[in-house]
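Data block for model34.txt (compact mmCIF, C-alpha atoms):
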# COMPACT_ATOMS: atom_id res chain seq x y z
CA GLU A 7 -51.92 68.57 43.81
CA THR A 8 -51.33 64.83 43.73
CA GLY A 9 -50.73 62.86 46.88
CA VAL A 10 -48.31 60.02 47.53
CA THR A 11 -48.91 56.97 45.38
CA GLN A 12 -47.49 53.53 45.96
CA SER A 13 -47.37 50.40 43.83
CA PRO A 14 -48.25 47.63 43.92
CA THR A 15 -51.02 47.66 46.52
CA HIS A 16 -50.62 43.99 47.37
CA LEU A 17 -47.84 41.49 46.79
CA ILE A 18 -47.16 37.87 47.70
CA LYS A 19 -43.58 36.60 47.65
CA THR A 20 -41.78 33.44 48.66
CA ARG A 21 -39.16 33.38 51.40
CA GLY A 22 -35.72 34.08 49.94
CA GLN A 23 -37.01 36.12 47.02
CA GLN A 24 -36.37 39.79 46.35
CA VAL A 25 -39.00 42.54 46.08
CA THR A 26 -39.12 46.14 44.82
CA LEU A 27 -41.76 48.57 46.00
CA ARG A 28 -42.34 51.95 44.36
CA CYS A 29 -43.42 55.37 45.56
CA SER A 30 -44.23 58.65 43.85
CA SER A 31 -43.94 61.60 46.20
CA GLN A 32 -46.41 64.42 46.58
CA SER A 33 -45.90 67.36 44.26
CA GLY A 34 -43.50 69.88 45.79
CA HIS A 35 -41.95 67.41 48.24
CA ASN A 36 -38.26 66.58 48.04
CA THR A 37 -37.79 63.96 50.76
CA VAL A 38 -39.02 60.40 50.87
CA SER A 39 -39.14 58.07 53.86
CA TRP A 40 -40.10 54.42 54.11
CA TYR A 41 -41.81 52.76 57.05
CA GLN A 42 -42.72 49.19 57.91
CA GLN A 43 -45.97 48.60 59.77
CA ALA A 44 -46.58 45.19 61.27
CA LEU A 45 -50.15 44.22 62.09
CA GLY A 46 -51.41 46.05 65.16
CA GLN A 47 -48.29 48.18 65.50
CA GLY A 48 -47.27 51.71 64.65
CA PRO A 49 -45.08 52.36 61.60
CA GLN A 50 -41.34 51.76 62.09
CA PHE A 51 -38.83 53.96 60.27
CA ILE A 52 -36.69 52.16 57.69
CA PHE A 53 -34.81 55.00 56.01
CA GLN A 54 -35.08 58.44 54.46
CA TYR A 55 -33.82 59.78 51.15
CA TYR A 56 -32.96 63.37 50.39
CA ARG A 57 -31.27 64.55 47.20
CA GLU A 58 -31.01 60.95 46.03
CA GLU A 59 -28.97 59.90 49.05
CA GLU A 60 -29.87 58.01 52.21
CA ASN A 61 -29.63 60.48 55.09
CA GLY A 62 -31.16 58.53 57.92
CA ARG A 63 -31.75 54.88 58.71
CA GLY A 64 -33.66 52.94 61.33
CA ASN A 65 -32.84 49.58 62.84
CA PHE A 66 -33.17 47.52 59.67
CA PRO A 67 -30.55 45.19 58.12
CA PRO A 68 -28.65 46.01 54.92
CA ARG A 69 -30.90 43.75 52.86
CA PHE A 70 -33.34 46.66 53.03
CA SER A 71 -32.10 49.22 50.51
CA GLY A 72 -33.55 52.06 48.53
CA LEU A 73 -33.20 54.61 45.79
CA GLN A 74 -34.46 58.09 45.16
CA PHE A 75 -34.68 59.42 41.63
CA PRO A 76 -34.25 62.98 40.30
CA ASN A 77 -38.04 63.40 40.20
CA TYR A 78 -38.09 62.53 43.94
CA SER A 79 -39.81 59.18 43.41
CA SER A 80 -38.34 56.26 45.30
CA GLU A 81 -37.95 52.50 45.48
CA LEU A 82 -37.61 50.17 48.42
CA ASN A 83 -35.78 46.91 47.76
CA VAL A 84 -35.75 43.97 50.11
CA ASN A 85 -33.48 40.99 49.44
CA ALA A 86 -33.62 37.50 50.88
CA LEU A 87 -37.18 37.91 52.12
CA GLU A 88 -38.07 36.44 55.50
CA LEU A 89 -41.48 35.55 56.86
CA ASP A 90 -41.21 38.44 59.37
CA ASP A 91 -40.95 40.89 56.48
CA SER A 92 -44.69 40.45 55.97
CA ALA A 93 -46.12 43.90 56.70
CA LEU A 94 -47.61 47.06 55.28
CA TYR A 95 -44.85 49.18 53.74
CA LEU A 96 -45.57 52.87 53.80
CA CYS A 97 -43.93 55.66 51.89
CA ALA A 98 -44.07 59.23 53.17
CA SER A 99 -42.98 62.35 51.37
CA SER A 100 -42.14 65.68 52.94
CA LEU A 101 -40.50 68.98 52.24
CA SER A 102 -37.22 69.62 54.01
CA SER A 103 -34.19 71.79 53.80
CA GLY A 104 -30.99 69.91 54.38
CA GLY A 105 -32.82 66.64 54.91
CA ARG A 106 -33.32 67.12 58.63
CA GLY A 107 -35.95 69.81 58.91
CA ALA A 108 -38.79 67.96 57.28
CA TYR A 109 -42.37 68.84 58.10
CA GLY A 110 -45.73 67.94 56.69
CA TYR A 111 -45.17 64.23 56.17
CA THR A 112 -47.77 62.80 53.79
CA PHE A 113 -48.23 59.05 53.62
CA GLY A 114 -49.32 56.82 50.79
CA SER A 115 -51.79 53.97 51.25
CA GLY A 116 -48.99 51.43 51.39
CA THR A 117 -48.05 48.11 49.86
CA ARG A 118 -49.22 45.00 51.69
CA LEU A 119 -46.40 42.45 51.40
CA THR A 120 -47.01 38.84 52.35
CA VAL A 121 -44.05 36.45 52.49
CA VAL A 122 -44.92 32.75 52.42
CA GLY B 30 -34.14 56.63 74.51
CA GLU B 31 -36.62 57.92 72.02
CA SER B 32 -40.10 56.49 72.34
CA VAL B 33 -43.65 57.60 71.99
CA GLY B 34 -46.50 55.78 73.64
CA LEU B 35 -50.22 56.08 74.10
CA HIS B 36 -52.04 55.69 77.36
CA LEU B 37 -54.97 53.58 76.17
CA PRO B 38 -55.11 51.04 73.35
CA THR B 39 -58.87 51.50 72.86
CA LEU B 40 -61.46 54.22 73.43
CA SER B 41 -65.18 53.83 72.93
CA VAL B 42 -67.48 56.88 72.78
CA GLN B 43 -70.99 57.77 71.75
CA GLU B 44 -71.67 59.88 68.69
CA GLY B 45 -71.67 63.54 69.64
CA ASP B 46 -69.37 63.11 72.62
CA ASN B 47 -65.96 64.74 72.82
CA SER B 48 -63.00 62.34 72.59
CA ILE B 49 -59.60 62.76 74.17
CA ILE B 50 -56.69 60.59 73.07
CA ASN B 51 -53.48 60.82 75.05
CA CYS B 52 -49.84 60.26 74.25
CA ALA B 53 -46.66 60.39 76.32
CA TYR B 54 -43.26 60.97 74.80
CA SER B 55 -39.82 60.50 76.30
CA ASN B 56 -37.49 62.76 74.27
CA SER B 57 -37.55 66.19 75.91
CA ALA B 58 -35.70 67.60 72.88
CA SER B 59 -38.50 66.70 70.46
CA ASP B 60 -39.58 69.81 68.60
CA TYR B 61 -42.35 68.54 66.35
CA PHE B 62 -45.34 66.29 66.91
CA ILE B 63 -48.03 64.99 64.59
CA TRP B 64 -51.32 63.19 65.04
CA TYR B 65 -52.37 60.71 62.36
CA LYS B 66 -55.61 58.83 61.73
CA GLN B 67 -55.40 55.45 60.09
CA GLU B 68 -58.41 53.63 58.74
CA SER B 69 -58.35 49.97 57.90
CA GLY B 70 -56.36 49.24 54.74
CA LYS B 71 -55.15 52.82 54.38
CA GLY B 72 -52.04 54.79 55.16
CA PRO B 73 -51.86 57.27 58.06
CA GLN B 74 -53.78 60.45 57.32
CA PHE B 75 -52.44 63.73 58.72
CA ILE B 76 -54.77 65.33 61.27
CA ILE B 77 -52.85 68.10 62.95
CA ASP B 78 -49.32 68.95 64.00
CA ILE B 79 -47.72 71.14 66.64
CA ARG B 80 -44.24 72.48 67.22
CA SER B 81 -42.63 72.61 70.61
CA ASN B 82 -42.86 76.41 70.81
CA MET B 83 -46.65 76.09 71.06
CA ASP B 84 -48.93 74.69 73.80
CA LYS B 85 -52.11 74.39 71.79
CA ARG B 86 -53.21 74.27 68.20
CA GLN B 87 -56.71 74.02 66.82
CA GLY B 88 -58.05 72.64 63.59
CA GLN B 89 -61.48 71.74 62.36
CA ARG B 90 -63.11 69.85 65.28
CA VAL B 91 -59.66 68.88 66.59
CA THR B 92 -57.34 70.41 69.15
CA VAL B 93 -53.85 69.28 70.08
CA LEU B 94 -52.42 70.16 73.48
CA LEU B 95 -48.74 69.89 74.29
CA ASN B 96 -47.46 69.82 77.87
CA LYS B 97 -43.68 69.87 77.71
CA THR B 98 -43.31 69.81 81.48
CA VAL B 99 -44.70 66.29 81.74
CA LYS B 100 -43.97 65.33 78.11
CA HIS B 101 -47.59 64.73 77.28
CA LEU B 102 -49.57 65.25 74.10
CA SER B 103 -53.31 64.97 73.63
CA LEU B 104 -55.75 65.05 70.74
CA GLN B 105 -59.25 66.31 71.40
CA ILE B 106 -62.00 65.59 68.90
CA ALA B 107 -65.18 67.58 69.32
CA ALA B 108 -68.60 66.12 68.52
CA THR B 109 -67.18 62.75 67.57
CA GLN B 110 -68.79 61.13 64.54
CA PRO B 111 -68.91 57.49 63.35
CA GLY B 112 -66.52 58.49 60.56
CA ASP B 113 -63.93 59.28 63.22
CA SER B 114 -63.64 55.59 64.06
CA ALA B 115 -60.05 54.60 63.29
CA VAL B 116 -56.66 54.04 64.88
CA TYR B 117 -54.98 57.24 66.03
CA PHE B 118 -51.21 57.58 66.29
CA CYS B 119 -49.08 60.30 67.74
CA ALA B 120 -45.60 60.70 66.29
CA GLU B 121 -42.56 62.79 67.08
CA LYS B 122 -39.47 63.60 65.09
CA ASN B 123 -36.34 61.78 66.21
CA GLN B 124 -33.30 63.63 67.51
CA ALA B 125 -31.60 63.55 64.12
CA GLY B 126 -34.67 65.11 62.54
CA THR B 127 -34.78 62.44 59.87
CA ALA B 128 -37.64 60.24 61.00
CA LEU B 129 -40.96 60.05 62.77
CA ILE B 130 -41.28 57.82 65.80
CA PHE B 131 -44.77 56.41 66.24
CA GLY B 132 -46.57 55.11 69.26
CA LYS B 133 -48.64 51.94 69.12
CA GLY B 134 -51.94 53.67 68.50
CA THR B 135 -55.34 54.10 70.09
CA THR B 136 -58.36 52.53 68.43
CA LEU B 137 -61.32 54.91 68.62
CA SER B 138 -64.76 53.34 68.25
CA VAL B 139 -67.75 55.63 67.85
CA SER B 140 -71.21 54.19 68.27
CA SER B 141 -74.36 55.94 67.08

Can the structure from this file be put into structure tokens for me?
Amino acid sequence: ETGVTQSPTHLIKTRGQQVTLRCSSQSGHNTVSWYQQALGQGPQFIFQYYREEENGRGNFPPRFSGLQFPNYSSELNVNALELDDSALYLCASSLSSGGRGAYGYTFGSGTRLTVV
Amino acid sequence: GESVGLHLPTLSVQEGDNSIINCAYSNSASDYFIWYKQESGKGPQFIIDIRSNMDKRQGQRVTVLLNKTVKHLSLQIAATQPGDSAVYFCAEKNQAGTALIFGKGTTLSVSS
């Protein structure tokens, strides 16, 4: 059984640029969530994807967007990067029915994004 | 509103001691709670979970207690080892059931 894998592990971008982060979910999981973790803080929910559609979103602006593919992998896209976007971006996969009953969230090791 | 917090930002214990990490939550309708361990440079690692229809759940060296009356959650680690040193987060599912809400974390330091 493979866990959640994320790529790249580290990334440096310039303010105003766009970035795409990738996540492969754990085998058997059908739901993917993305979280942003600032230094010294707990992870903050960005959004969740179930059946290739966004079915939950946290308090993040529209320049944060995502995709889920038929194999349950996912991408997080961030446009017009700001310095405050510098953080660890975590992907979590889970198994849910209907997108709301998810349990057993498994996290990847994250992508460390630095915006300069 | 929905929020999860931890009582202490840091906890220092000696190897072999038992550790207790506490967490308070505000959403009385929360039905699922998880404890995660996060080591430096890594993602949160699942430790143990509990559903609201239970008061206690035990794993290997860990026990989670849930007190719904006072909306309090605790993680007990028996015979704490240096490898247990990490940041510990409690998390609850939000009302919509689509996300986990994390507290700020407790840093556990174990000295030998």

Using all atoms listed in the file and a distance of at most 12 Å, pull out the residues of chain B that contact chain A, as an mmCIF file with C-alpha atoms, in the frame of the given file.
data_model
loop_
_atom_site.group_PDB
_atom_site.id
_atom_site.type_symbol
_atom_site.label_atom_id
_atom_site.label_comp_id
_atom_site.auth_asym_id
_atom_site.auth_seq_id
_atom_site.Cartn_x
_atom_site.Cartn_y
_atom_site.Cartn_z
ATOM 1 C CA SER B 32 -40.100 56.490 72.340
ATOM 2 C CA VAL B 33 -43.650 57.600 71.990
ATOM 3 C CA GLY B 34 -46.500 55.780 73.640
ATOM 4 C CA LEU B 35 -50.220 56.080 74.100
ATOM 5 C CA PRO B 38 -55.110 51.040 73.350
ATOM 6 C CA ASP B 60 -39.580 69.810 68.600
ATOM 7 C CA TYR B 61 -42.350 68.540 66.350
ATOM 8 C CA PHE B 62 -45.340 66.290 66.910
ATOM 9 C CA ILE B 63 -48.030 64.990 64.590
ATOM 10 C CA TRP B 64 -51.320 63.190 65.040
ATOM 11 C CA TYR B 65 -52.370 60.710 62.360
ATOM 12 C CA LYS B 66 -55.610 58.830 61.730
ATOM 13 C CA GLN B 67 -55.400 55.450 60.090
ATOM 14 C CA GLU B 68 -58.410 53.630 58.740
ATOM 15 C CA SER B 69 -58.350 49.970 57.900
ATOM 16 C CA GLY B 70 -56.360 49.240 54.740
ATOM 17 C CA LYS B 71 -55.150 52.820 54.380
ATOM 18 C CA GLY B 72 -52.040 54.790 55.160
ATOM 19 C CA PRO B 73 -51.860 57.270 58.060
ATOM 20 C CA GLN B 74 -53.780 60.450 57.320
ATOM 21 C CA PHE B 75 -52.440 63.730 58.720
ATOM 22 C CA ILE B 76 -54.770 65.330 61.270
ATOM 23 C CA ILE B 77 -52.850 68.100 62.950
ATOM 24 C CA ASP B 78 -49.320 68.950 64.000
ATOM 25 C CA ILE B 79 -47.720 71.140 66.640
ATOM 26 C CA ARG B 80 -44.240 72.480 67.220
ATOM 27 C CA VAL B 116 -56.660 54.040 64.880
ATOM 28 C CA TYR B 117 -54.980 57.240 66.030
ATOM 29 C CA PHE B 118 -51.210 57.580 66.290
ATOM 30 C CA CYS B 119 -49.080 60.300 67.740
ATOM 31 C CA ALA B 120 -45.600 60.700 66.290
ATOM 32 C CA GLU B 121 -42.560 62.790 67.080
ATOM 33 C CA LYS B 122 -39.470 63.600 65.090
ATOM 34 C CA ASN B 123 -36.340 61.780 66.210
ATOM 35 C CA GLN B 124 -33.300 63.630 67.510
ATOM 36 C CA ALA B 125 -31.600 63.550 64.120
ATOM 37 C CA GLY B 126 -34.670 65.110 62.540
ATOM 38 C CA THR B 127 -34.780 62.440 59.870
ATOM 39 C CA ALA B 128 -37.640 60.240 61.000
ATOM 40 C CA LEU B 129 -40.960 60.050 62.770
ATOM 41 C CA ILE B 130 -41.280 57.820 65.800
ATOM 42 C CA PHE B 131 -44.770 56.410 66.240
ATOM 43 C CA GLY B 132 -46.570 55.110 69.260
ATOM 44 C CA LYS B 133 -48.640 51.940 69.120
ATOM 45 C CA GLY B 134 -51.940 53.670 68.500
ATOM 46 C CA THR B 135 -55.340 54.100 70.090
ATOM 47 C CA THR B 136 -58.360 52.530 68.430
#

Residues within 6 Å of Leu87 (chain A), all atoms listed in the file, excluding chain neighbours under 5 positions, as a PyMOL selection string = chain A and resi 21-23

Could you please take those selected residues and save C-alpha atoms as an mmCIF file, in the coordinates of the input?
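Output file part-v9.cif follows:
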data_model
loop_
_atom_site.group_PDB
_atom_site.id
_atom_site.type_symbol
_atom_site.label_atom_id
_atom_site.label_comp_id
_atom_site.auth_asym_id
_atom_site.auth_seq_id
_atom_site.Cartn_x
_atom_site.Cartn_y
_atom_site.Cartn_z
ATOM 1 C CA ARG A 21 -39.160 33.380 51.400
ATOM 2 C CA GLY A 22 -35.720 34.080 49.940
ATOM 3 C CA GLN A 23 -37.010 36.120 47.020
#

Find the residues near region 99-109 of chain B: any atom within 9 Å, counting all atoms listed in the file, skip ones fewer than 4 places away on the same chain, and give them as a ChimeraX atom specification.
-> /B:42-57,62,64,77,89-95,113-114,119,139

Distance in Å - CA of His16 (chain A) versus CA of Arg69 (chain A) =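 Here the two named atoms are 20.5 Å from each other.
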
Could you tell me how far CA of Asp90 (chain A) lies from CA of Leu17 (chain A), in Å and to one decimal?
-> 14.5 Å

Selection near region 24-35 of chain A, 7 Å with only C-alpha atoms, sequence-local residues under 3 positions removed, as a PyMOL selection string = chain A and resi 7-14+38+78-87+97+99-101

Could you state the separation of CA of Pro76 (chain A) and CA of Arg57 (chain A) in Å, given to one decimal place?
->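 Computed distance, CA of Pro76 (chain A) to CA of Arg57 (chain A), equals 7.7 Å.
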
Export C-alpha atoms of region 39-116 of chain B from the structure just given, as a compact mmCIF listing (two decimals), in the first residue's frame?
# COMPACT_ATOMS: atom_id res chain seq x y z
CA THR B 39 5.21 23.10 24.97
CA LEU B 40 5.64 20.06 27.21
CA SER B 41 8.94 18.73 28.47
CA VAL B 42 9.20 15.25 30.02
CA GLN B 43 11.83 12.73 30.97
CA GLU B 44 12.23 9.49 29.07
CA GLY B 45 10.01 6.83 30.59
CA ASP B 46 7.47 9.29 31.98
CA ASN B 47 3.87 9.34 30.84
CA SER B 48 2.86 12.39 28.79
CA ILE B 49 -0.55 14.01 28.60
CA ILE B 50 -1.36 16.49 25.86
CA ASN B 51 -4.64 18.35 26.08
CA CYS B 52 -6.96 19.91 23.56
CA ALA B 53 -10.20 21.88 23.86
CA TYR B 54 -12.71 22.11 21.05
CA SER B 55 -15.65 24.45 20.61
CA ASN B 56 -18.02 22.67 18.20
CA SER B 57 -20.30 20.47 20.30
CA ALA B 58 -21.54 18.80 17.09
CA SER B 59 -18.08 17.48 16.17
CA ASP B 60 -18.28 13.73 15.68
CA TYR B 61 -14.70 12.81 14.82
CA PHE B 62 -11.34 13.73 16.28
CA ILE B 63 -7.80 12.83 15.32
CA TRP B 64 -4.40 13.22 16.92
CA TYR B 65 -1.42 13.79 14.64
CA LYS B 66 2.33 13.82 15.27
CA GLN B 67 4.46 16.06 13.11
CA GLU B 68 8.23 15.84 13.03
CA SER B 69 10.36 18.57 11.58
CA GLY B 70 10.18 18.68 7.78
CA LYS B 71 7.46 16.03 7.58
CA GLY B 72 3.72 15.94 7.16
CA PRO B 73 1.35 15.11 10.04
CA GLN B 74 1.43 11.43 10.93
CA PHE B 75 -1.79 9.80 12.12
CA ILE B 76 -1.60 8.58 15.73
CA ILE B 77 -5.11 7.71 16.79
CA ASP B 78 -8.68 8.80 16.19
CA ILE B 79 -11.93 8.67 18.11
CA ARG B 80 -15.56 9.15 17.22
CA SER B 81 -17.98 11.03 19.39
CA ASN B 82 -19.86 7.87 20.41
CA MET B 83 -16.78 6.77 22.36
CA ASP B 84 -15.12 8.13 25.52
CA LYS B 85 -11.81 6.33 25.25
CA ARG B 86 -9.74 4.56 22.67
CA GLN B 87 -6.41 2.85 23.09
CA GLY B 88 -3.60 2.18 20.69
CA GLN B 89 -0.02 1.09 21.09
CA ARG B 90 1.32 3.20 24.00
CA VAL B 91 -1.30 5.87 23.31
CA THR B 92 -4.75 6.53 24.69
CA VAL B 93 -7.21 9.21 23.62
CA LEU B 94 -9.88 10.40 26.03
CA LEU B 95 -12.90 12.39 24.93
CA ASN B 96 -15.01 14.38 27.39
CA LYS B 97 -17.97 15.74 25.46
CA THR B 98 -19.43 17.45 28.52
CA VAL B 99 -16.57 19.92 28.71
CA LYS B 100 -15.48 19.55 25.07
CA HIS B 101 -12.05 18.30 25.96
CA LEU B 102 -9.75 15.83 24.26
CA SER B 103 -6.50 14.41 25.58
CA LEU B 104 -3.70 12.23 24.28
CA GLN B 105 -1.81 10.09 26.75
CA ILE B 106 1.54 8.61 25.76
CA ALA B 107 2.87 5.89 28.02
CA ALA B 108 6.59 5.45 28.67
CA THR B 109 7.54 8.41 26.53
CA GLN B 110 10.62 7.91 24.38
CA PRO B 111 13.01 10.40 22.71
CA GLY B 112 11.49 9.39 19.37
CA ASP B 113 8.18 10.81 20.58
CA SER B 114 9.63 14.32 20.45
CA ALA B 115 7.56 16.22 17.90
CA VAL B 116 4.67 18.65 17.55
